[in-house]
>>> print(open('upload-v9.txt').read())   # compact mmCIF, C-alpha atoms
# COMPACT_ATOMS: atom_id res chain seq x y z
CA MET L 1 -15.53 -57.47 20.82
CA ASN L 2 -15.45 -60.11 23.52
CA ASP L 3 -13.95 -57.86 26.22
CA LEU L 4 -16.59 -55.14 26.00
CA THR L 5 -18.88 -54.60 28.93
CA GLU L 6 -22.60 -54.03 28.49
CA GLU L 7 -22.00 -50.31 29.14
CA ASP L 8 -19.36 -50.24 26.37
CA THR L 9 -21.79 -51.85 23.95
CA ILE L 10 -24.51 -49.33 24.81
CA LEU L 11 -22.06 -46.44 24.38
CA ILE L 12 -20.90 -47.73 20.99
CA GLY L 13 -24.52 -48.15 19.91
CA LYS L 14 -25.25 -44.55 20.91
CA LEU L 15 -22.17 -43.34 19.02
CA PHE L 16 -23.38 -45.08 15.87
CA GLN L 17 -26.90 -43.67 16.33
CA VAL L 18 -25.46 -40.14 16.52
CA ALA L 19 -23.34 -40.80 13.44
CA LYS L 20 -26.37 -42.05 11.54
CA GLN L 21 -28.36 -38.96 12.54
CA MET L 22 -25.47 -36.76 11.38
CA ALA L 23 -25.37 -38.57 8.06
CA LYS L 24 -29.11 -37.97 7.57
CA LYS L 25 -28.70 -34.25 8.37
CA LEU L 26 -25.89 -34.05 5.83
CA ASN L 27 -28.11 -35.78 3.23
CA ILE L 28 -25.71 -38.69 2.87
CA ASP L 29 -27.38 -41.64 1.13
CA GLU L 30 -28.13 -44.44 3.63
CA SER L 31 -27.23 -47.14 1.10
CA GLY L 32 -23.53 -46.35 1.28
CA TYR L 33 -22.65 -43.55 3.65
CA ARG L 34 -19.48 -43.37 5.67
CA THR L 35 -19.43 -40.90 8.49
CA ILE L 36 -16.26 -40.20 10.39
CA LEU L 37 -16.75 -38.80 13.90
CA ASN L 38 -13.95 -36.95 15.61
CA CYS L 39 -14.12 -36.46 19.36
CA ASN L 40 -10.66 -35.18 20.20
CA ASN L 41 -10.53 -36.04 23.91
CA ASP L 42 -6.86 -36.90 23.93
CA GLY L 43 -5.72 -33.38 24.84
CA GLY L 44 -2.94 -33.67 22.31
CA GLN L 45 -1.55 -36.76 24.03
CA THR L 46 -1.95 -39.14 21.10
CA VAL L 47 0.93 -41.59 21.23
CA LEU L 48 0.54 -43.54 17.97
CA HIS L 49 -2.00 -42.34 15.46
CA ILE L 50 -3.24 -44.39 12.53
CA SER L 51 -3.69 -41.81 9.80
CA LYS L 52 -4.47 -43.83 6.67
CA LEU L 53 -5.56 -47.28 5.56
CA GLU L 54 -5.27 -48.33 1.91
CA LEU L 55 -7.02 -51.51 0.78
CA PHE L 56 -7.01 -53.32 -2.53
CA GLY L 57 -8.64 -56.69 -3.11
CA PHE L 58 -9.16 -57.29 0.61
CA LYS L 59 -12.49 -59.04 1.25
CA SER L 60 -15.24 -56.75 -0.13
CA PHE L 61 -12.84 -54.04 -1.38
CA ALA L 62 -12.36 -55.01 -5.05
CA LYS L 63 -11.14 -51.54 -6.03
CA LYS L 64 -8.44 -49.55 -4.27
CA GLU L 65 -9.95 -47.66 -1.34
CA THR L 66 -8.32 -45.20 1.04
CA VAL L 67 -9.70 -44.46 4.50
CA LEU L 68 -8.30 -41.40 6.26
CA PHE L 69 -8.40 -41.22 10.06
CA ASP L 70 -8.33 -37.80 11.67
CA SER L 71 -7.17 -37.34 15.25
CA GLY L 72 -9.50 -38.34 18.05
CA ILE L 73 -12.05 -41.12 18.04
CA THR L 74 -13.14 -42.39 14.65
CA GLY L 75 -16.37 -44.24 14.02
CA ILE L 76 -17.20 -45.80 10.69
CA VAL L 77 -20.89 -46.39 10.17
CA GLY L 78 -23.02 -47.74 7.37
CA PRO L 79 -25.71 -50.24 6.56
CA ASN L 80 -25.30 -53.96 7.14
CA GLY L 81 -22.99 -55.61 4.63
CA CYS L 82 -21.13 -52.47 3.53
CA GLY L 83 -17.71 -53.61 4.84
CA LYS L 84 -17.34 -51.88 8.22
CA THR L 85 -15.96 -54.96 9.96
CA ASN L 86 -13.73 -55.67 6.97
CA ILE L 87 -11.87 -52.46 7.82
CA VAL L 88 -11.12 -53.79 11.29
CA ASP L 89 -10.11 -57.13 9.77
CA ALA L 90 -7.77 -55.31 7.36
CA ILE L 91 -6.03 -53.53 10.23
CA ARG L 92 -5.61 -56.80 12.12
CA TRP L 93 -4.36 -58.52 8.99
CA VAL L 94 -1.76 -55.89 8.06
CA LEU L 95 -0.47 -55.99 11.64
CA GLY L 96 0.28 -59.68 11.10
CA GLU L 97 -2.77 -61.65 12.21
CA GLN L 98 -2.23 -65.33 11.34
CA LYS L 99 -5.40 -66.88 12.80
CA THR L 100 -8.00 -67.04 10.06
CA SER L 101 -10.83 -67.32 12.59
CA ARG L 102 -9.98 -63.84 13.89
CA LEU L 103 -10.37 -62.60 10.31
CA ARG L 104 -13.75 -64.36 10.01
CA SER L 105 -12.38 -66.72 7.35
CA SER L 106 -11.72 -70.43 7.07
CA LYS L 107 -8.44 -70.09 5.16
CA MET L 108 -6.11 -67.16 4.52
CA GLU L 109 -6.91 -66.99 0.79
CA ASP L 110 -10.52 -66.14 1.73
CA VAL L 111 -9.44 -62.55 2.47
CA ILE L 112 -8.78 -62.02 -1.27
CA PHE L 113 -11.77 -60.56 -3.14
CA ASN L 114 -13.56 -63.55 -4.64
CA GLY L 115 -15.62 -61.83 -7.31
CA ALA L 116 -19.18 -60.60 -7.61
CA SER L 117 -21.71 -60.15 -10.36
CA ASN L 118 -19.82 -58.60 -13.30
CA VAL L 119 -16.59 -58.38 -11.26
CA LYS L 120 -13.93 -61.08 -11.63
CA PRO L 121 -12.06 -62.51 -8.64
CA LEU L 122 -8.67 -60.98 -7.94
CA GLY L 123 -5.37 -62.82 -7.70
CA LEU L 124 -4.04 -60.83 -4.75
CA CYS L 125 -4.95 -58.44 -1.99
CA GLU L 126 -2.92 -55.84 -0.19
CA VAL L 127 -3.35 -53.50 2.73
CA PHE L 128 -1.13 -50.58 3.74
CA LEU L 129 -1.47 -48.83 7.09
CA THR L 130 0.13 -45.43 7.75
CA ILE L 131 1.01 -44.55 11.34
CA GLU L 132 2.25 -41.17 12.53
CA ASN L 133 5.43 -41.44 14.55
CA ASN L 134 5.71 -37.77 15.61
CA LYS L 135 6.69 -38.68 19.17
CA GLY L 136 9.38 -41.10 17.96
CA LEU L 137 7.96 -44.12 19.79
CA LEU L 138 8.66 -46.46 16.90
CA PRO L 139 12.36 -47.33 16.54
CA VAL L 140 12.72 -45.62 13.14
CA GLU L 141 13.70 -42.11 12.15
CA TYR L 142 10.58 -41.47 10.04
CA LYS L 143 7.67 -39.25 11.14
CA GLU L 144 5.30 -41.52 9.20
CA VAL L 145 5.66 -45.27 9.03
CA GLU L 146 3.74 -47.33 6.50
CA ILE L 147 3.39 -51.06 6.99
CA GLY L 148 1.94 -53.31 4.34
CA ARG L 149 1.00 -56.87 3.58
CA ARG L 150 0.25 -58.55 0.26
CA LEU L 151 -1.19 -62.03 -0.27
CA TYR L 152 -1.42 -63.97 -3.53
CA ARG L 153 -3.91 -66.77 -4.22
CA SER L 154 -0.93 -69.13 -4.38
CA GLY L 155 -0.52 -68.56 -0.64
CA GLU L 156 2.68 -66.53 -1.02
CA SER L 157 2.71 -63.36 1.06
CA GLU L 158 4.90 -60.28 1.37
CA TYR L 159 5.36 -57.77 4.16
CA PHE L 160 6.53 -54.17 3.87
CA ILE L 161 7.80 -51.31 5.98
CA ASN L 162 7.73 -48.02 4.06
CA ARG L 163 7.21 -50.02 0.83
CA ASN L 164 10.45 -51.98 1.39
CA ASN L 165 10.21 -55.77 1.70
CA CYS L 166 10.62 -57.09 5.22
CA ARG L 167 9.64 -60.05 7.40
CA LEU L 168 6.57 -60.37 9.60
CA LYS L 169 8.98 -60.45 12.53
CA ASP L 170 10.27 -56.99 11.53
CA ILE L 171 6.74 -55.59 11.70
CA SER L 172 6.11 -57.29 15.06
CA ASN L 173 9.39 -55.93 16.43
CA LEU L 174 8.49 -52.43 15.24
CA PHE L 175 5.46 -52.37 17.53
CA VAL L 176 6.92 -54.03 20.63
CA ASP L 177 5.66 -52.24 23.78
CA THR L 178 3.34 -49.91 21.84
CA GLY L 179 0.07 -51.79 22.38
CA LEU L 180 -0.56 -51.79 18.63
CA THR L 181 -0.73 -55.46 17.66
CA SER L 182 -3.03 -57.68 15.64
CA ASP L 183 -4.82 -58.78 18.81
CA ALA L 184 -5.14 -55.32 20.40
CA TYR L 185 -8.75 -55.28 19.18
CA SER L 186 -10.78 -58.26 20.31
>>> encode(input="upload-v9.txt", output="structure tokens")
Amino acid sequence: MNDLTEEDTILIGKLFQVAKQMAKKLNIDESGYRTILNCNNDGGQTVLHISKLELFGFKSFAKKETVLFDSGITGIVGPNGCGKTNIVDAIRWVLGEQKTSRLRSSKMEDVIFNGASNVKPLGLCEVFLTIENNKGLLPVEYKEVEIGRRLYRSGESEYFINRNNCRLKDISNLFVDTGLTSDAYS
């Protein structure tokens, strides 16, 4: 978050404090809660909306996990070490990020779940991101577009658009002039 001002940081901190208070009021266990906040300030003007993120074997996500994003602003909160930043890393990665330092790793294979007590390391990871295309801004005829990326420990990787194999360049071209790129979040 290098481009955030001090005011931005304070605002984000307040947002997370509110989310934590909401979680307590809803009796959500602090050891693993996820609270999604929706503040629909867009007046229905959402251009591209990320609606779903599916992760398997990516960093701390050993099992398949699905995160749904409603319209508006979404905040994901939880205790330290629960994988909040890994969600941001997964979005960057599926959008084609190639710099391992931006994924907080030393080599690309580090994004594959490496095992834990009583859980064996995995041989691959994959992330799929679903984006609503209701306004037709992406150059495809679908109302929902799903992009995906899979990486094997061997270093081989695959890219997907709507579960069909494609090239990284195809994914990059899909998002030209939309503002949705792997480095849109810094």
>>> atom_distance(input="upload-v9.txt", atom1="CA of Asn164 (chain L)", atom2="CA of Phe61 (chain L)")
23.5 Å
>>> atom_distance(input="upload-v9.txt", atom1="CA of Ile131 (chain L)", atom2="CA of Thr85 (chain L)")
20.0 Å
>>> atom_distance(input="upload-v9.txt", atom1="CA of Ser117 (chain L)", atom2="CA of Thr66 (chain L)")
23.1 Å
>>> closest_residue(input="upload-v9.txt", among="L:Trp93, L:Phe69, L:Phe128, L:Tyr152", to="Phe56 (chain L)", atoms="all atoms listed in the file")
L:Phe128
>>> residues_near_point(input="upload-v9.txt", point="(-19.3, -53.8, 5.6)", cutoff="12 Å", atoms="only C-alpha atoms", output="PDB file with C-alpha atoms, in the frame of the given file")
ATOM      1  CA  SER L  31     -27.230 -47.140   1.100  1.00  0.00           C
ATOM      2  CA  GLY L  32     -23.530 -46.350   1.280  1.00  0.00           C
ATOM      3  CA  TYR L  33     -22.650 -43.550   3.650  1.00  0.00           C
ATOM      4  CA  ARG L  34     -19.480 -43.370   5.670  1.00  0.00           C
ATOM      5  CA  PHE L  58      -9.160 -57.290   0.610  1.00  0.00           C
ATOM      6  CA  LYS L  59     -12.490 -59.040   1.250  1.00  0.00           C
ATOM      7  CA  SER L  60     -15.240 -56.750  -0.130  1.00  0.00           C
ATOM      8  CA  PHE L  61     -12.840 -54.040  -1.380  1.00  0.00           C
ATOM      9  CA  ILE L  76     -17.200 -45.800  10.690  1.00  0.00           C
ATOM     10  CA  VAL L  77     -20.890 -46.390  10.170  1.00  0.00           C
ATOM     11  CA  GLY L  78     -23.020 -47.740   7.370  1.00  0.00           C
ATOM     12  CA  PRO L  79     -25.710 -50.240   6.560  1.00  0.00           C
ATOM     13  CA  ASN L  80     -25.300 -53.960   7.140  1.00  0.00           C
ATOM     14  CA  GLY L  81     -22.990 -55.610   4.630  1.00  0.00           C
ATOM     15  CA  CYS L  82     -21.130 -52.470   3.530  1.00  0.00           C
ATOM     16  CA  GLY L  83     -17.710 -53.610   4.840  1.00  0.00           C
ATOM     17  CA  LYS L  84     -17.340 -51.880   8.220  1.00  0.00           C
ATOM     18  CA  THR L  85     -15.960 -54.960   9.960  1.00  0.00           C
ATOM     19  CA  ASN L  86     -13.730 -55.670   6.970  1.00  0.00           C
ATOM     20  CA  ILE L  87     -11.870 -52.460   7.820  1.00  0.00           C
ATOM     21  CA  VAL L  88     -11.120 -53.790  11.290  1.00  0.00           C
ATOM     22  CA  ASP L  89     -10.110 -57.130   9.770  1.00  0.00           C
ATOM     23  CA  ALA L  90      -7.770 -55.310   7.360  1.00  0.00           C
TER      24      ALA L  90
END
